[in-house]
Each structure stands twice: as C-alpha cells, then as structure tokens.
Amino acid sequence: MSTLPSRIIPQRRGDKSAHQFFLMDLEECQRFVGLVETELELSHSQAAERAFRNADHAYRAIVRFLAEAEHTQSQDEIEQKLSEVAARLDDLRLKLGLHDSSEWTE
C-alpha cells in the first residue's frame, strides 16, 4: 500500500523537492496502474482490484496534497500527468466494474 499520507510535503514556493516529491509519487501511482493492467491481462481480477485500490489511493493522496501545496511553476506539469493517470484509472474502473472508492473498506 502507498505510504503517501505519512510523507511531509515541502511548502516553500518553487521548492524543487516539492516537485520531486510529486513526480516520485506519480511514478508510484503509474506503477500501480501498470500492475492493474498486467493483472487484468492475466485474468487475475482480485489482484487487479487490489492494485487498483492502491493506485486510486495514491492518486487521491497526490490530488489532496497538491491542493494543499503552494502553487509552483511545475504544478501545471504535475496536474497534466495527474489528468492522464485519472483517465487511465477511470478506464480501469470500468473494466473492473467498480463504481466508487467510497464503497471500499480498509
């Protein structure tokens, strides 16, 4: 499961480490999305659903933390990548027959 909620986000304007933080977490999210796709190709639906939950959790954490961070020049780049991940998650949600993450229990 993602460790995103326990991380500390740099808050200084233009802080390169904030940019790196979001890029690393986006990469983690994209790896989970790739795992979902792989598990679906292998017809491992339960494993695909678990990976999807991790991807969705990581995505939502990034969105939440990005909203709390001060705007940086690189935020537009991060938001563009987030929208690409969101589109992939929406597609996977349909393939898995999932409706909303609020129906999941921890």
# chains A, B, ... in the order shown; residues from 1 in each chain; ligands from 1
$ residues_around --residues "Gln75 of chain A" --least-positions-apart "5" --cutoff "12 Å" --atoms "only C-alpha atoms" --output "PyMOL selection string"
chain A and resi 13-16+18-23+62-63+65-70+80-82
$ write_last_selection --atoms "N, CA and C atoms" --output "CSV table (one decimal), in the first residue's frame"
chain,number,residue,atom,x,y,z
A,13,ARG,N,7.6,28.1,-1.7
A,13,ARG,CA,7.3,28.4,-3.1
A,13,ARG,C,8.5,28.1,-4.0
A,14,GLY,N,8.3,27.3,-5.1
A,14,GLY,CA,9.3,27.0,-6.0
A,14,GLY,C,10.3,25.9,-5.5
A,15,ASP,N,10.0,25.3,-4.5
A,15,ASP,CA,10.9,24.3,-3.9
A,15,ASP,C,11.0,23.1,-4.8
A,16,LYS,N,12.2,22.8,-5.3
A,16,LYS,CA,12.4,21.7,-6.2
A,16,LYS,C,12.1,20.4,-5.5
A,18,ALA,N,9.6,19.7,-3.6
A,18,ALA,CA,8.2,19.5,-3.7
A,18,ALA,C,7.9,18.9,-5.1
A,19,HIS,N,8.5,19.5,-6.1
A,19,HIS,CA,8.3,19.0,-7.5
A,19,HIS,C,8.8,17.5,-7.6
A,20,GLN,N,9.9,17.2,-7.0
A,20,GLN,CA,10.4,15.8,-7.0
A,20,GLN,C,9.5,14.9,-6.2
A,21,PHE,N,9.0,15.4,-5.1
A,21,PHE,CA,8.0,14.6,-4.3
A,21,PHE,C,6.8,14.2,-5.1
A,22,PHE,N,6.2,15.1,-5.8
A,22,PHE,CA,5.0,14.8,-6.6
A,22,PHE,C,5.4,13.9,-7.8
A,23,LEU,N,6.5,14.1,-8.5
A,23,LEU,CA,6.9,13.3,-9.6
A,23,LEU,C,7.2,11.8,-9.1
A,62,ILE,N,-2.2,12.2,-3.8
A,62,ILE,CA,-1.4,13.2,-4.6
A,62,ILE,C,-2.3,14.5,-4.8
A,63,VAL,N,-3.6,14.2,-5.2
A,63,VAL,CA,-4.5,15.3,-5.5
A,63,VAL,C,-4.7,16.1,-4.2
A,65,PHE,N,-2.7,16.4,-1.6
A,65,PHE,CA,-1.5,17.1,-1.2
A,65,PHE,C,-1.2,18.2,-2.1
A,66,LEU,N,-1.5,18.0,-3.4
A,66,LEU,CA,-1.2,19.1,-4.4
A,66,LEU,C,-2.1,20.3,-4.1
A,67,ALA,N,-3.3,20.0,-3.7
A,67,ALA,CA,-4.2,21.1,-3.4
A,67,ALA,C,-3.7,21.9,-2.2
A,68,GLU,N,-3.0,21.3,-1.3
A,68,GLU,CA,-2.5,21.9,-0.1
A,68,GLU,C,-1.2,22.7,-0.3
A,69,ALA,N,-0.5,22.2,-1.4
A,69,ALA,CA,0.9,22.8,-1.6
A,69,ALA,C,0.7,24.2,-2.3
A,70,GLU,N,1.7,25.0,-2.1
A,70,GLU,CA,1.7,26.3,-2.7
A,70,GLU,C,1.9,26.1,-4.2
A,80,GLN,N,-1.1,18.0,-15.3
A,80,GLN,CA,-1.2,17.3,-16.6
A,80,GLN,C,-1.0,15.8,-16.5
A,81,LYS,N,0.0,15.4,-15.8
A,81,LYS,CA,0.3,14.0,-15.6
A,81,LYS,C,-0.8,13.4,-14.7
A,82,LEU,N,-1.3,14.1,-13.8
A,82,LEU,CA,-2.4,13.6,-12.9
A,82,LEU,C,-3.7,13.3,-13.8
$ residues_around --residues "segment 41-52 of chain A" --least-positions-apart "2" --cutoff "8 Å" --atoms "only C-alpha atoms" --output "list in words"
Phe32, Val33, Leu35, Val36, Glu37, Thr38, Glu39, Asn54, Ala55, Asp56, Leu89, Leu92, Arg93 and Leu96 of chain A
$ closest_residue --among "A:Leu26, A:Gly34, A:Ala86, A:Ser74" --to "Ala58 of chain A" --atoms "only C-alpha atoms"
A:Leu26
